[in-house]
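Input: a single structure, listed below in structure tokens.
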Amino acid sequence: MSREAGSEAVAGTVFGTGAADREAIAGIVRTFFAAFTSAPDIAARLDELRRVFLPGAVVVRTCGLVPAVYDVDGFIAPRRALLTGGTLVDFREWEVHGRTEVFGDIAQHFCSYAKSWVQDGTSFTGRGMKSLQLVRTADGWRISAVAWDDERPGLEVDPMWAGAGSA
């Protein structure tokens with residue numbers, strides 16, 4: 001297997017792909033995480049997020065609960081409401097460490113992430129892991145699926161993934 005150094009912007013390693021694919025996938029990952037920041041340009045960032053998904057993409061939240069399965073609009077709409085509703089402020093989510101693997105026209109990006117926010121005057125933080133599945137289309141790389149799980153009692157991000165730096 002060929003191994004190439006990954007993009008610093010993605011904070012990880014990319015296997016089996018060239019520089020153009022590496023940068024395109026890094027851009028998708030940056031766009032994905034940039035969408036989850038409360039700021040005045042939230043509408044534009046969420047619109048850009050929609051652009052990097054395949055129309056039929058699936059998003060799954062586990063977090064120790066019954067998995068919740070969303071389509072693209074069903075995933076974006078409640079996050080738009082949460083990030084613009086006023087009770088949750090200073091929300092930010094960022095990739096800590098990630099790894100991308102590519103074979104032909106498919107790729108996966110597995111990463112740890114952290115988040116922080118203030119809700120009703122109280123500060124919170126959290127961490128978890130995300131898996132993004134991507135496919136190459138005529139319009140470039142697009143996300144076909146995302147799944148995530150957050151830390152909770154009895155489940156912590158492995159230190160190998162948790163301490164690799166932050167964005």
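Residues in the structure tokens are numbered from 1 in each chain, the chains being A, B, ... in the order shown, and ligands are numbered from 1 in the order shown.
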Using only C-alpha atoms, find each residue of segment 14-124 of chain A with at least one atom at most 12 Å away from an atom of segment 136-156 of chain A; report its shortest atom-to-atom pair and that distance in Å (one decimal), sort the rows by chain and rising residue number, and return the result as JSON lines.
```
{"residue": "A:Ala20", "atom": "CA", "partner": "A:Gly140", "partner_atom": "CA", "distance": 10.6}
{"residue": "A:Asp21", "atom": "CA", "partner": "A:Trp141", "partner_atom": "CA", "distance": 8.2}
{"residue": "A:Arg22", "atom": "CA", "partner": "A:Trp141", "partner_atom": "CA", "distance": 10.3}
{"residue": "A:Glu23", "atom": "CA", "partner": "A:Trp141", "partner_atom": "CA", "distance": 10.4}
{"residue": "A:Ala24", "atom": "CA", "partner": "A:Trp141", "partner_atom": "CA", "distance": 6.8}
{"residue": "A:Ile25", "atom": "CA", "partner": "A:Trp141", "partner_atom": "CA", "distance": 6.7}
{"residue": "A:Ala26", "atom": "CA", "partner": "A:Trp141", "partner_atom": "CA", "distance": 10.2}
{"residue": "A:Gly27", "atom": "CA", "partner": "A:Trp141", "partner_atom": "CA", "distance": 9.6}
{"residue": "A:Ile28", "atom": "CA", "partner": "A:Arg142", "partner_atom": "CA", "distance": 7.5}
{"residue": "A:Val29", "atom": "CA", "partner": "A:Ile143", "partner_atom": "CA", "distance": 9.2}
{"residue": "A:Thr31", "atom": "CA", "partner": "A:Ile143", "partner_atom": "CA", "distance": 11.0}
{"residue": "A:Phe32", "atom": "CA", "partner": "A:Ile143", "partner_atom": "CA", "distance": 9.4}
{"residue": "A:Glu48", "atom": "CA", "partner": "A:Arg142", "partner_atom": "CA", "distance": 11.8}
{"residue": "A:Leu49", "atom": "CA", "partner": "A:Ile143", "partner_atom": "CA", "distance": 9.7}
{"residue": "A:Arg50", "atom": "CA", "partner": "A:Ile143", "partner_atom": "CA", "distance": 9.7}
{"residue": "A:Arg51", "atom": "CA", "partner": "A:Arg142", "partner_atom": "CA", "distance": 8.2}
{"residue": "A:Val52", "atom": "CA", "partner": "A:Arg142", "partner_atom": "CA", "distance": 5.1}
{"residue": "A:Phe53", "atom": "CA", "partner": "A:Ile143", "partner_atom": "CA", "distance": 4.6}
{"residue": "A:Leu54", "atom": "CA", "partner": "A:Ser144", "partner_atom": "CA", "distance": 5.5}
{"residue": "A:Pro55", "atom": "CA", "partner": "A:Ser144", "partner_atom": "CA", "distance": 8.4}
{"residue": "A:Gly56", "atom": "CA", "partner": "A:Ser144", "partner_atom": "CA", "distance": 7.3}
{"residue": "A:Ala57", "atom": "CA", "partner": "A:Ser144", "partner_atom": "CA", "distance": 4.5}
{"residue": "A:Val58", "atom": "CA", "partner": "A:Ala145", "partner_atom": "CA", "distance": 4.8}
{"residue": "A:Val59", "atom": "CA", "partner": "A:Val146", "partner_atom": "CA", "distance": 4.7}
{"residue": "A:Val60", "atom": "CA", "partner": "A:Ala147", "partner_atom": "CA", "distance": 4.6}
{"residue": "A:Arg61", "atom": "CA", "partner": "A:Trp148", "partner_atom": "CA", "distance": 5.3}
{"residue": "A:Thr62", "atom": "CA", "partner": "A:Asp149", "partner_atom": "CA", "distance": 5.2}
{"residue": "A:Cys63", "atom": "CA", "partner": "A:Asp149", "partner_atom": "CA", "distance": 4.5}
{"residue": "A:Gly64", "atom": "CA", "partner": "A:Asp149", "partner_atom": "CA", "distance": 7.5}
{"residue": "A:Leu65", "atom": "CA", "partner": "A:Asp149", "partner_atom": "CA", "distance": 9.5}
{"residue": "A:Val66", "atom": "CA", "partner": "A:Asp149", "partner_atom": "CA", "distance": 11.5}
{"residue": "A:Pro67", "atom": "CA", "partner": "A:Ala147", "partner_atom": "CA", "distance": 9.5}
{"residue": "A:Ala68", "atom": "CA", "partner": "A:Ala147", "partner_atom": "CA", "distance": 9.8}
{"residue": "A:Val69", "atom": "CA", "partner": "A:Ala147", "partner_atom": "CA", "distance": 9.1}
{"residue": "A:Tyr70", "atom": "CA", "partner": "A:Val146", "partner_atom": "CA", "distance": 9.7}
{"residue": "A:Asp71", "atom": "CA", "partner": "A:Ala145", "partner_atom": "CA", "distance": 9.5}
{"residue": "A:Val72", "atom": "CA", "partner": "A:Ala145", "partner_atom": "CA", "distance": 9.5}
{"residue": "A:Phe75", "atom": "CA", "partner": "A:Val146", "partner_atom": "CA", "distance": 10.4}
{"residue": "A:Val102", "atom": "CA", "partner": "A:Arg136", "partner_atom": "CA", "distance": 10.1}
{"residue": "A:Phe103", "atom": "CA", "partner": "A:Arg136", "partner_atom": "CA", "distance": 10.3}
{"residue": "A:Gly104", "atom": "CA", "partner": "A:Arg136", "partner_atom": "CA", "distance": 8.3}
{"residue": "A:Asp105", "atom": "CA", "partner": "A:Arg136", "partner_atom": "CA", "distance": 4.8}
{"residue": "A:Ile106", "atom": "CA", "partner": "A:Arg136", "partner_atom": "CA", "distance": 6.4}
{"residue": "A:Ala107", "atom": "CA", "partner": "A:Arg136", "partner_atom": "CA", "distance": 8.3}
{"residue": "A:Gln108", "atom": "CA", "partner": "A:Ile143", "partner_atom": "CA", "distance": 9.2}
{"residue": "A:His109", "atom": "CA", "partner": "A:Val146", "partner_atom": "CA", "distance": 9.4}
{"residue": "A:Phe110", "atom": "CA", "partner": "A:Ala147", "partner_atom": "CA", "distance": 9.7}
{"residue": "A:Cys111", "atom": "CA", "partner": "A:Trp148", "partner_atom": "CA", "distance": 9.6}
{"residue": "A:Ser112", "atom": "CA", "partner": "A:Asp150", "partner_atom": "CA", "distance": 9.6}
{"residue": "A:Tyr113", "atom": "CA", "partner": "A:Asp150", "partner_atom": "CA", "distance": 9.1}
{"residue": "A:Ala114", "atom": "CA", "partner": "A:Asp150", "partner_atom": "CA", "distance": 9.4}
{"residue": "A:Lys115", "atom": "CA", "partner": "A:Asp150", "partner_atom": "CA", "distance": 10.2}
```
Could those residues be written to a file, using C-alpha atoms, as a PDB file, in the first residue's frame?
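again09.pdb, written as the output of this step:
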```pdb
ATOM      1  CA  ALA A  20      -5.567  17.024  -6.194  1.00  0.00           C
ATOM      2  CA  ASP A  21      -7.796  14.431  -4.513  1.00  0.00           C
ATOM      3  CA  ARG A  22      -6.133  15.109  -1.167  1.00  0.00           C
ATOM      4  CA  GLU A  23      -6.897  18.836  -1.373  1.00  0.00           C
ATOM      5  CA  ALA A  24     -10.440  18.302  -2.659  1.00  0.00           C
ATOM      6  CA  ILE A  25     -11.281  15.948   0.213  1.00  0.00           C
ATOM      7  CA  ALA A  26      -9.607  18.281   2.728  1.00  0.00           C
ATOM      8  CA  GLY A  27     -11.803  21.091   1.384  1.00  0.00           C
ATOM      9  CA  ILE A  28     -14.950  18.997   1.856  1.00  0.00           C
ATOM     10  CA  VAL A  29     -13.949  18.217   5.453  1.00  0.00           C
ATOM     11  CA  THR A  31     -16.597  22.887   4.675  1.00  0.00           C
ATOM     12  CA  PHE A  32     -18.336  20.258   6.798  1.00  0.00           C
ATOM     13  CA  GLU A  48     -22.301  25.443   1.188  1.00  0.00           C
ATOM     14  CA  LEU A  49     -22.634  22.342   3.375  1.00  0.00           C
ATOM     15  CA  ARG A  50     -25.661  21.252   1.337  1.00  0.00           C
ATOM     16  CA  ARG A  51     -23.558  21.612  -1.839  1.00  0.00           C
ATOM     17  CA  VAL A  52     -20.915  19.097  -0.643  1.00  0.00           C
ATOM     18  CA  PHE A  53     -23.482  16.353   0.021  1.00  0.00           C
ATOM     19  CA  LEU A  54     -24.950  14.025  -2.580  1.00  0.00           C
ATOM     20  CA  PRO A  55     -28.708  14.753  -2.752  1.00  0.00           C
ATOM     21  CA  GLY A  56     -29.504  11.278  -1.369  1.00  0.00           C
ATOM     22  CA  ALA A  57     -26.830  11.267   1.351  1.00  0.00           C
ATOM     23  CA  VAL A  58     -27.576   9.720   4.728  1.00  0.00           C
ATOM     24  CA  VAL A  59     -26.529  11.203   8.079  1.00  0.00           C
ATOM     25  CA  VAL A  60     -26.715   9.088  11.250  1.00  0.00           C
ATOM     26  CA  ARG A  61     -26.381  10.187  14.882  1.00  0.00           C
ATOM     27  CA  THR A  62     -25.813   7.429  17.439  1.00  0.00           C
ATOM     28  CA  CYS A  63     -24.535   8.917  20.750  1.00  0.00           C
ATOM     29  CA  GLY A  64     -25.741   5.979  22.837  1.00  0.00           C
ATOM     30  CA  LEU A  65     -29.319   6.457  21.664  1.00  0.00           C
ATOM     31  CA  VAL A  66     -31.467   4.773  19.053  1.00  0.00           C
ATOM     32  CA  PRO A  67     -29.724   5.850  15.829  1.00  0.00           C
ATOM     33  CA  ALA A  68     -31.372   8.875  14.228  1.00  0.00           C
ATOM     34  CA  VAL A  69     -31.210   8.798  10.424  1.00  0.00           C
ATOM     35  CA  TYR A  70     -31.475  12.077   8.496  1.00  0.00           C
ATOM     36  CA  ASP A  71     -31.554  13.083   4.875  1.00  0.00           C
ATOM     37  CA  VAL A  72     -29.533  16.182   3.976  1.00  0.00           C
ATOM     38  CA  PHE A  75     -29.923  17.162   9.081  1.00  0.00           C
ATOM     39  CA  VAL A 102      -9.093   6.604  -0.958  1.00  0.00           C
ATOM     40  CA  PHE A 103      -9.565   3.843  -3.478  1.00  0.00           C
ATOM     41  CA  GLY A 104     -10.503   4.941  -6.974  1.00  0.00           C
ATOM     42  CA  ASP A 105     -13.747   6.888  -6.690  1.00  0.00           C
ATOM     43  CA  ILE A 106     -14.524   6.168  -3.020  1.00  0.00           C
ATOM     44  CA  ALA A 107     -13.036   7.618   0.152  1.00  0.00           C
ATOM     45  CA  GLN A 108     -13.600   7.611   3.880  1.00  0.00           C
ATOM     46  CA  HIS A 109     -12.531  10.197   6.409  1.00  0.00           C
ATOM     47  CA  PHE A 110     -12.507   9.081  10.053  1.00  0.00           C
ATOM     48  CA  CYS A 111     -11.803  11.757  12.635  1.00  0.00           C
ATOM     49  CA  SER A 112     -12.049  12.927  16.198  1.00  0.00           C
ATOM     50  CA  TYR A 113     -13.631  16.286  16.848  1.00  0.00           C
ATOM     51  CA  ALA A 114     -14.270  18.680  19.682  1.00  0.00           C
ATOM     52  CA  LYS A 115     -16.993  21.227  20.265  1.00  0.00           C
TER      53      LYS A 115
END
```
Sel. of strand (DSSP E) residues, chain A, as a VMD selection string: chain A and resid 3 to 4 12 to 15 53 to 61 68 to 70 88 to 103 106 to 119 122 to 137 140 to 150
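For the set A:Ala35, A:Gln133, A:Ser116, A:Ile42, the residue with the smallest atom-to-atom gap to Arg92 of chain A is A:Ser116, counting only C-alpha atoms.
Of the residues in segment 53-139 of chain A, those given helix (DSSP H, G or I) by DSSP on the backbone are Val72, Asp73, Gly74, Phe75, Ile76, Ala77, Pro78, Arg79, Arg80, Ala81, Leu82, Leu83 and Thr84 of chain A.
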With N, CA and C atoms retained, write the just-selected residues as a compact mmCIF listing (two decimals), in the first residue's frame.
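File written: again-v9.txt
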```txt
# COMPACT_ATOMS: atom_id res chain seq x y z
N VAL A 72 -30.35 14.97 3.91
CA VAL A 72 -29.53 16.18 3.98
C VAL A 72 -30.33 17.34 4.58
N ASP A 73 -31.52 17.61 4.07
CA ASP A 73 -32.31 18.73 4.60
C ASP A 73 -32.75 18.48 6.04
N GLY A 74 -33.09 17.23 6.37
CA GLY A 74 -33.47 16.89 7.73
C GLY A 74 -32.33 17.03 8.72
N PHE A 75 -31.10 16.95 8.25
CA PHE A 75 -29.92 17.16 9.08
C PHE A 75 -29.63 18.65 9.24
N ILE A 76 -29.71 19.41 8.15
CA ILE A 76 -29.33 20.82 8.17
C ILE A 76 -30.36 21.70 8.88
N ALA A 77 -31.64 21.48 8.65
CA ALA A 77 -32.68 22.37 9.18
C ALA A 77 -32.64 22.55 10.70
N PRO A 78 -32.58 21.48 11.50
CA PRO A 78 -32.55 21.70 12.94
C PRO A 78 -31.25 22.36 13.42
N ARG A 79 -30.17 22.13 12.72
CA ARG A 79 -28.90 22.78 13.09
C ARG A 79 -28.94 24.27 12.77
N ARG A 80 -29.58 24.61 11.67
CA ARG A 80 -29.78 26.03 11.34
C ARG A 80 -30.59 26.70 12.45
N ALA A 81 -31.68 26.06 12.87
CA ALA A 81 -32.53 26.62 13.93
C ALA A 81 -31.75 26.75 15.23
N LEU A 82 -30.98 25.75 15.58
CA LEU A 82 -30.21 25.76 16.82
C LEU A 82 -29.14 26.85 16.81
N LEU A 83 -28.43 26.98 15.68
CA LEU A 83 -27.33 27.94 15.59
C LEU A 83 -27.80 29.38 15.42
N THR A 84 -29.05 29.58 15.04
CA THR A 84 -29.57 30.95 14.85
C THR A 84 -30.66 31.31 15.85
```
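The space between atom CA of Gly128 of chain A and atom CA of Leu46 of chain A spans 21.0 Å.
If only C-alpha atoms are the atoms counted, then among A:Ser38, A:Met160, A:Glu101, A:Phe91 the closest residue to Gly126 of chain A is A:Phe91.
Atom CA of Ala162 of chain A to atom CA of Gly121 of chain A spans 26.8 Å [interatomic distance, one decimal].
Relative to atom CA of Val96 of chain A, atom CA of Asp120 of chain A is found at 26.3 Å.
Taking only C-alpha atoms into account, Thr87 of chain A lies nearest to A:Gln119 out of the set A:Gln119, A:Thr37, A:Thr125, A:Ser131.
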